[in-house]
file work04.cif (mmCIF, C-alpha atoms and all ligand atoms)
data_data
#
loop_
_atom_site.group_PDB
_atom_site.id
_atom_site.type_symbol
_atom_site.label_atom_id
_atom_site.label_comp_id
_atom_site.auth_asym_id
_atom_site.auth_seq_id
_atom_site.Cartn_x
_atom_site.Cartn_y
_atom_site.Cartn_z
ATOM 1 C CA MET H 1468 -29.354 -6.356 21.669
ATOM 2 C CA PRO H 1469 -26.351 -3.979 21.784
ATOM 3 C CA VAL H 1470 -26.096 -1.260 19.154
ATOM 4 C CA LYS H 1471 -23.759 -2.277 16.379
ATOM 5 C CA GLY H 1472 -21.832 0.289 14.445
ATOM 6 C CA TRP H 1473 -18.852 0.625 12.220
ATOM 7 C CA VAL H 1474 -16.856 3.362 10.612
ATOM 8 C CA GLU H 1475 -15.231 4.122 7.297
ATOM 9 C CA VAL H 1476 -12.093 6.228 7.219
ATOM 10 C CA ASP H 1477 -11.529 8.123 3.988
ATOM 11 C CA PRO H 1478 -7.813 7.732 3.225
ATOM 12 C CA PHE H 1479 -7.874 10.838 1.061
ATOM 13 C CA TYR H 1480 -8.543 13.015 4.099
ATOM 14 C CA CYS H 1481 -7.042 11.033 7.010
ATOM 15 C CA LYS H 1482 -3.712 12.395 8.225
ATOM 16 C CA GLY H 1483 -3.052 9.697 10.834
ATOM 17 C CA CYS H 1484 -3.160 12.191 13.704
ATOM 18 C CA ASP H 1485 -4.354 9.566 16.235
ATOM 19 C CA LEU H 1486 -7.082 11.758 17.730
ATOM 20 C CA CYS H 1487 -9.856 9.318 16.884
ATOM 21 C CA VAL H 1488 -7.821 6.378 18.199
ATOM 22 C CA ASN H 1489 -7.397 8.065 21.568
ATOM 23 C CA ALA H 1490 -11.004 9.262 21.732
ATOM 24 C CA CYS H 1491 -12.757 5.969 20.985
ATOM 25 C CA PRO H 1492 -14.331 4.653 24.212
ATOM 26 C CA GLN H 1493 -14.403 1.131 22.794
ATOM 27 C CA ASP H 1494 -10.716 1.178 21.824
ATOM 28 C CA VAL H 1495 -11.530 -0.251 18.400
ATOM 29 C CA LEU H 1496 -9.545 2.175 16.236
ATOM 30 C CA ALA H 1497 -5.865 2.011 15.408
ATOM 31 C CA ILE H 1498 -3.354 3.496 13.024
ATOM 32 C CA ASP H 1499 -2.473 1.130 10.198
ATOM 33 C CA MET H 1500 1.298 1.176 10.046
ATOM 34 C CA ASP H 1501 1.213 -1.117 6.992
ATOM 35 C CA GLN H 1502 -0.704 1.388 4.852
ATOM 36 C CA LEU H 1503 0.282 4.740 3.432
ATOM 37 C CA THR H 1504 -2.210 7.191 1.994
ATOM 38 C CA SER H 1505 -1.540 9.039 -1.249
ATOM 39 C CA LYS H 1506 -0.312 11.912 0.906
ATOM 40 C CA GLY H 1507 2.088 9.729 2.869
ATOM 41 C CA TYR H 1508 0.180 9.249 6.125
ATOM 42 C CA HIS H 1509 -0.600 6.046 8.025
ATOM 43 C CA PRO H 1510 -4.413 6.050 8.161
ATOM 44 C CA ALA H 1511 -6.744 5.070 10.969
ATOM 45 C CA TYR H 1512 -8.816 1.907 10.624
ATOM 46 C CA LEU H 1513 -11.380 -0.135 12.533
ATOM 47 C CA LYS H 1514 -9.385 -2.937 14.143
ATOM 48 C CA GLU H 1515 -12.148 -4.710 16.074
ATOM 49 C CA ASP H 1516 -15.812 -5.498 15.672
ATOM 50 C CA ALA H 1517 -17.061 -3.740 18.805
ATOM 51 C CA CYS H 1518 -17.948 -0.286 17.502
ATOM 52 C CA THR H 1519 -21.181 1.102 18.947
ATOM 53 C CA GLY H 1520 -21.604 3.891 16.383
ATOM 54 C CA CYS H 1521 -21.300 6.544 19.087
ATOM 55 C CA GLU H 1522 -19.790 9.078 16.622
ATOM 56 C CA ILE H 1523 -17.152 10.398 19.020
ATOM 57 C CA CYS H 1524 -14.384 9.581 16.546
ATOM 58 C CA ALA H 1525 -16.147 11.496 13.779
ATOM 59 C CA LEU H 1526 -16.686 14.477 16.056
ATOM 60 C CA VAL H 1527 -13.031 14.752 17.057
ATOM 61 C CA CYS H 1528 -11.580 14.176 13.588
ATOM 62 C CA PRO H 1529 -10.218 17.507 12.350
ATOM 63 C CA GLU H 1530 -10.360 16.311 8.735
ATOM 64 C CA ALA H 1531 -13.958 15.006 8.773
ATOM 65 C CA ALA H 1532 -12.523 11.775 7.407
ATOM 66 C CA ILE H 1533 -14.790 9.398 9.315
ATOM 67 C CA THR H 1534 -18.275 8.242 8.379
ATOM 68 C CA VAL H 1535 -20.161 6.335 11.062
ATOM 69 C CA TYR H 1536 -22.831 3.725 10.338
ATOM 70 C CA ARG H 1537 -25.197 2.163 12.801
ATOM 71 C CA GLU H 1538 -27.678 -0.687 12.766
ATOM 72 C CA VAL H 1539 -31.062 0.308 14.107
ATOM 73 C CA PRO H 1540 -33.983 -1.997 14.867
ATOM 74 C CA ILE H 1541 -36.955 -1.703 12.527
ATOM 75 C CA ARG H 1542 -38.863 -4.612 14.084
ATOM 76 C CA SER H 1543 -38.162 -6.909 16.969
ATOM 77 C CA ASP H 1544 -36.260 -9.258 14.652
ATOM 78 C CA ARG H 1545 -34.880 -6.944 11.964
ATOM 79 C CA ARG H 1546 -32.395 -4.099 11.689
ATOM 80 C CA LYS H 1547 -31.396 -1.660 9.024
ATOM 81 C CA VAL H 1548 -28.172 0.262 8.506
ATOM 82 C CA VAL H 1549 -28.224 4.045 8.709
ATOM 83 C CA LYS H 1550 -25.531 6.664 8.451
ATOM 84 C CA ALA H 1551 -25.142 8.118 11.934
ATOM 85 C CA GLY H 1552 -26.199 11.717 12.313
ATOM 86 C CA ASN H 1553 -29.068 11.306 9.847
HETATM 87 S S1 LIG L 1601 -8.838 11.811 13.711
HETATM 88 FE FE1 LIG L 1601 -9.273 11.833 11.487
HETATM 89 S S2 LIG L 1601 -7.361 12.490 10.534
HETATM 90 FE FE2 LIG L 1601 -6.869 11.857 12.621
HETATM 91 S S3 LIG L 1601 -6.294 9.668 12.432
HETATM 92 FE FE3 LIG L 1601 -8.468 9.741 12.909
HETATM 93 S S4 LIG L 1601 -9.496 9.664 10.900
HETATM 94 FE FE4 LIG L 1601 -7.367 10.250 10.530
HETATM 95 S S1 LIG L 1602 -18.218 5.328 16.470
HETATM 96 FE FE1 LIG L 1602 -17.610 5.340 18.675
HETATM 97 S S2 LIG L 1602 -17.169 3.184 19.137
HETATM 98 FE FE2 LIG L 1602 -17.207 3.368 16.885
HETATM 99 S S3 LIG L 1602 -15.060 3.673 16.299
HETATM 100 FE FE3 LIG L 1602 -16.014 5.724 16.544
HETATM 101 S S4 LIG L 1602 -15.600 6.337 18.687
HETATM 102 FE FE4 LIG L 1602 -15.233 4.129 18.518
#
call {"tool": "encode", "arguments": {"input": "work04.cif", "output": "structure tokens"}}
result
Amino acid sequence: MPVKGWVEVDPFYCKGCDLCVNACPQDVLAIDMDQLTSKGYHPAYLKEDACTGCEICALVCPEAAITVYREVPIRSDRRKVVKAGN
């Protein structure tokens, strides 16, 4: 079973710099041109359901705006969600 992950981008901190979009090996991040943050930036968002939870986006983000979550197996038939890096 492939590792499933997803990310949350905090719009308060995201400045739409594109670094995470370019760094993602799965190409699942994009800049949302339809949204504006309270500071006037277009924020990044998860555009596709193929994130592996690798954390590269969080590591390159200069604003620490990204939280990564990952499903991990707890038995052969069950998984739980953990915050990556914990
Ligand atoms: S790297 Fe961080 S600040 Fe830049 S677009 Fe991505 S989430 Fe926003
Ligand atoms: S955790 Fe990895 S796969 Fe998921 S969005 Fe970030 S860089 Fe892409």
call {"tool": "closest_residue", "arguments": {"input": "work04.cif", "among": "H:Val1548, H:Ala1497, H:Val1474, H:Leu1503", "to": "ligand LIG 1602 (chain L)", "atoms": "only C-alpha atoms and all ligand atoms"}}
result
H:Val1474
call {"tool": "resolve_selection", "arguments": {"input": "work04.cif", "expression": "the PyMOL selection byres (((chain H and resi 1550) around 9) and not hetatm)", "output": "PyMOL selection string"}}
result
chain H and resi 1534-1538+1548-1549+1551-1553
call {"tool": "residues_around", "arguments": {"input": "work04.cif", "residues": "Asn1489 of chain H", "least_positions_apart": "3", "cutoff": "12 Å", "atoms": "all atoms listed in the file", "output": "PyMOL selection string"}}
result
chain H and resi 1483-1486+1492-1498+1511+1523-1524+1527-1528
call {"tool": "closest_residue", "arguments": {"input": "work04.cif", "among": "H:Ala1490, H:Cys1481, H:Ala1532, H:Met1500", "to": "ligand LIG 1602 (chain L)", "atoms": "only C-alpha atoms and all ligand atoms"}}
result
H:Ala1490
call {"tool": "closest_residue", "arguments": {"input": "work04.cif", "among": "H:Pro1478, H:Gly1472, H:Gly1520, H:Gly1507", "to": "ligand LIG 1601 (chain L)", "atoms": "all atoms listed in the file"}}
result
H:Pro1478
call {"tool": "closest_residue", "arguments": {"input": "work04.cif", "among": "H:Ser1505, H:Arg1546, H:Tyr1512, H:Lys1482", "to": "ligand LIG 1602 (chain L)", "atoms": "all atoms listed in the file"}}
result
H:Tyr1512
call {"tool": "atom_distance", "arguments": {"input": "work04.cif", "atom1": "atom CA of Cys1518 of chain H", "atom2": "atom CA of Thr1504 of chain H"}}
result
23.3 Å
call {"tool": "axis_aligned_box", "arguments": {"input": "work04.cif", "around": "ligand LIG 1602 (chain L)", "padding_each_side": "5 Å", "output": "JSON"}}
result
{"center_x": -16.6, "center_y": 4.8, "center_z": 17.7, "size_x": 13.2, "size_y": 13.2, "size_z": 12.8}
call {"tool": "atom_distance", "arguments": {"input": "work04.cif", "atom1": "atom CA of Trp1473 of chain H", "atom2": "atom CA of Asp1544 of chain H"}}
result
20.2 Å
call {"tool": "closest_residue", "arguments": {"input": "work04.cif", "among": "H:Arg1545, H:Cys1491, H:Pro1529, H:Gln1502", "to": "ligand LIG 1601 (chain L)", "atoms": "all atoms listed in the file"}}
result
H:Pro1529
call {"tool": "closest_residue", "arguments": {"input": "work04.cif", "among": "H:Arg1542, H:Lys1506, H:Lys1547, H:Lys1514", "to": "ligand LIG 1602 (chain L)", "atoms": "only C-alpha atoms and all ligand atoms"}}
result
H:Lys1514
call {"tool": "atom_distance", "arguments": {"input": "work04.cif", "atom1": "atom FE4 of ligand LIG 1601 (chain L)", "atom2": "atom CA of Lys1471 of chain H"}}
result
21.4 Å
call {"tool": "decode", "arguments": {"input": "work04.cif", "residues": "segment 1471-1498 of chain H", "atoms": "N, CA and C atoms", "output": "PDB file, in the first residue's frame"}}
result
ATOM      1  N   LYS H1471       0.173   7.414   2.079  1.00  0.00           N
ATOM      2  CA  LYS H1471      -0.712   8.515   1.709  1.00  0.00           C
ATOM      3  C   LYS H1471      -0.461   9.688   2.637  1.00  0.00           C
ATOM      4  N   GLY H1472      -0.311  10.836   2.052  1.00  0.00           N
ATOM      5  CA  GLY H1472      -0.115  12.031   2.856  1.00  0.00           C
ATOM      6  C   GLY H1472      -0.949  13.171   2.337  1.00  0.00           C
ATOM      7  N   TRP H1473      -0.984  14.235   3.088  1.00  0.00           N
ATOM      8  CA  TRP H1473      -1.572  15.462   2.608  1.00  0.00           C
ATOM      9  C   TRP H1473      -1.005  16.627   3.404  1.00  0.00           C
ATOM     10  N   VAL H1474      -1.245  17.800   2.918  1.00  0.00           N
ATOM     11  CA  VAL H1474      -0.651  18.967   3.569  1.00  0.00           C
ATOM     12  C   VAL H1474      -1.724  20.019   3.815  1.00  0.00           C
ATOM     13  N   GLU H1475      -1.473  20.826   4.823  1.00  0.00           N
ATOM     14  CA  GLU H1475      -2.275  22.023   5.063  1.00  0.00           C
ATOM     15  C   GLU H1475      -1.354  23.229   4.933  1.00  0.00           C
ATOM     16  N   VAL H1476      -1.809  24.204   4.184  1.00  0.00           N
ATOM     17  CA  VAL H1476      -1.056  25.450   4.036  1.00  0.00           C
ATOM     18  C   VAL H1476      -1.752  26.517   4.871  1.00  0.00           C
ATOM     19  N   ASP H1477      -1.028  27.124   5.774  1.00  0.00           N
ATOM     20  CA  ASP H1477      -1.610  28.172   6.611  1.00  0.00           C
ATOM     21  C   ASP H1477      -1.594  29.488   5.831  1.00  0.00           C
ATOM     22  N   PRO H1478      -2.781  29.982   5.463  1.00  0.00           N
ATOM     23  CA  PRO H1478      -2.834  31.195   4.635  1.00  0.00           C
ATOM     24  C   PRO H1478      -2.335  32.448   5.357  1.00  0.00           C
ATOM     25  N   PHE H1479      -2.234  32.366   6.676  1.00  0.00           N
ATOM     26  CA  PHE H1479      -1.714  33.527   7.400  1.00  0.00           C
ATOM     27  C   PHE H1479      -0.224  33.718   7.116  1.00  0.00           C
ATOM     28  N   TYR H1480       0.470  32.614   6.909  1.00  0.00           N
ATOM     29  CA  TYR H1480       1.925  32.684   6.717  1.00  0.00           C
ATOM     30  C   TYR H1480       2.358  32.565   5.261  1.00  0.00           C
ATOM     31  N   CYS H1481       1.557  31.884   4.421  1.00  0.00           N
ATOM     32  CA  CYS H1481       1.965  31.655   3.030  1.00  0.00           C
ATOM     33  C   CYS H1481       2.068  32.974   2.266  1.00  0.00           C
ATOM     34  N   LYS H1482       3.168  33.131   1.543  1.00  0.00           N
ATOM     35  CA  LYS H1482       3.367  34.322   0.718  1.00  0.00           C
ATOM     36  C   LYS H1482       3.342  34.007  -0.777  1.00  0.00           C
ATOM     37  N   GLY H1483       2.907  32.782  -1.134  1.00  0.00           N
ATOM     38  CA  GLY H1483       2.763  32.447  -2.544  1.00  0.00           C
ATOM     39  C   GLY H1483       4.058  32.471  -3.329  1.00  0.00           C
ATOM     40  N   CYS H1484       5.162  32.119  -2.684  1.00  0.00           N
ATOM     41  CA  CYS H1484       6.480  32.256  -3.332  1.00  0.00           C
ATOM     42  C   CYS H1484       6.757  31.164  -4.356  1.00  0.00           C
ATOM     43  N   ASP H1485       5.977  30.076  -4.348  1.00  0.00           N
ATOM     44  CA  ASP H1485       6.111  29.018  -5.356  1.00  0.00           C
ATOM     45  C   ASP H1485       7.209  27.993  -5.039  1.00  0.00           C
ATOM     46  N   LEU H1486       7.970  28.196  -3.994  1.00  0.00           N
ATOM     47  CA  LEU H1486       9.073  27.267  -3.728  1.00  0.00           C
ATOM     48  C   LEU H1486       8.564  25.840  -3.495  1.00  0.00           C
ATOM     49  N   CYS H1487       7.505  25.709  -2.732  1.00  0.00           N
ATOM     50  CA  CYS H1487       6.984  24.372  -2.457  1.00  0.00           C
ATOM     51  C   CYS H1487       6.437  23.721  -3.725  1.00  0.00           C
ATOM     52  N   VAL H1488       5.805  24.525  -4.567  1.00  0.00           N
ATOM     53  CA  VAL H1488       5.234  24.012  -5.822  1.00  0.00           C
ATOM     54  C   VAL H1488       6.341  23.408  -6.683  1.00  0.00           C
ATOM     55  N   ASN H1489       7.449  24.118  -6.782  1.00  0.00           N
ATOM     56  CA  ASN H1489       8.558  23.642  -7.610  1.00  0.00           C
ATOM     57  C   ASN H1489       9.303  22.485  -6.971  1.00  0.00           C
ATOM     58  N   ALA H1490       9.263  22.378  -5.659  1.00  0.00           N
ATOM     59  CA  ALA H1490      10.035  21.337  -4.969  1.00  0.00           C
ATOM     60  C   ALA H1490       9.295  20.008  -4.873  1.00  0.00           C
ATOM     61  N   CYS H1491       7.996  20.023  -4.977  1.00  0.00           N
ATOM     62  CA  CYS H1491       7.214  18.793  -4.756  1.00  0.00           C
ATOM     63  C   CYS H1491       7.512  17.748  -5.833  1.00  0.00           C
ATOM     64  N   PRO H1492       8.025  16.586  -5.457  1.00  0.00           N
ATOM     65  CA  PRO H1492       8.342  15.559  -6.456  1.00  0.00           C
ATOM     66  C   PRO H1492       7.101  14.922  -7.079  1.00  0.00           C
ATOM     67  N   GLN H1493       5.969  15.073  -6.419  1.00  0.00           N
ATOM     68  CA  GLN H1493       4.728  14.501  -6.944  1.00  0.00           C
ATOM     69  C   GLN H1493       3.949  15.502  -7.804  1.00  0.00           C
ATOM     70  N   ASP H1494       4.392  16.737  -7.821  1.00  0.00           N
ATOM     71  CA  ASP H1494       3.724  17.794  -8.583  1.00  0.00           C
ATOM     72  C   ASP H1494       2.248  17.929  -8.184  1.00  0.00           C
ATOM     73  N   VAL H1495       2.005  17.928  -6.868  1.00  0.00           N
ATOM     74  CA  VAL H1495       0.617  18.007  -6.408  1.00  0.00           C
ATOM     75  C   VAL H1495       0.276  19.346  -5.754  1.00  0.00           C
ATOM     76  N   LEU H1496       1.219  20.276  -5.767  1.00  0.00           N
ATOM     77  CA  LEU H1496       0.956  21.604  -5.203  1.00  0.00           C
ATOM     78  C   LEU H1496       0.812  22.628  -6.318  1.00  0.00           C
ATOM     79  N   ALA H1497       0.050  23.649  -6.047  1.00  0.00           N
ATOM     80  CA  ALA H1497      -0.126  24.732  -7.020  1.00  0.00           C
ATOM     81  C   ALA H1497      -0.432  26.011  -6.257  1.00  0.00           C
ATOM     82  N   ILE H1498      -0.329  27.115  -6.951  1.00  0.00           N
ATOM     83  CA  ILE H1498      -0.722  28.398  -6.391  1.00  0.00           C
ATOM     84  C   ILE H1498      -2.168  28.663  -6.797  1.00  0.00           C
TER      85      ILE H1498
END
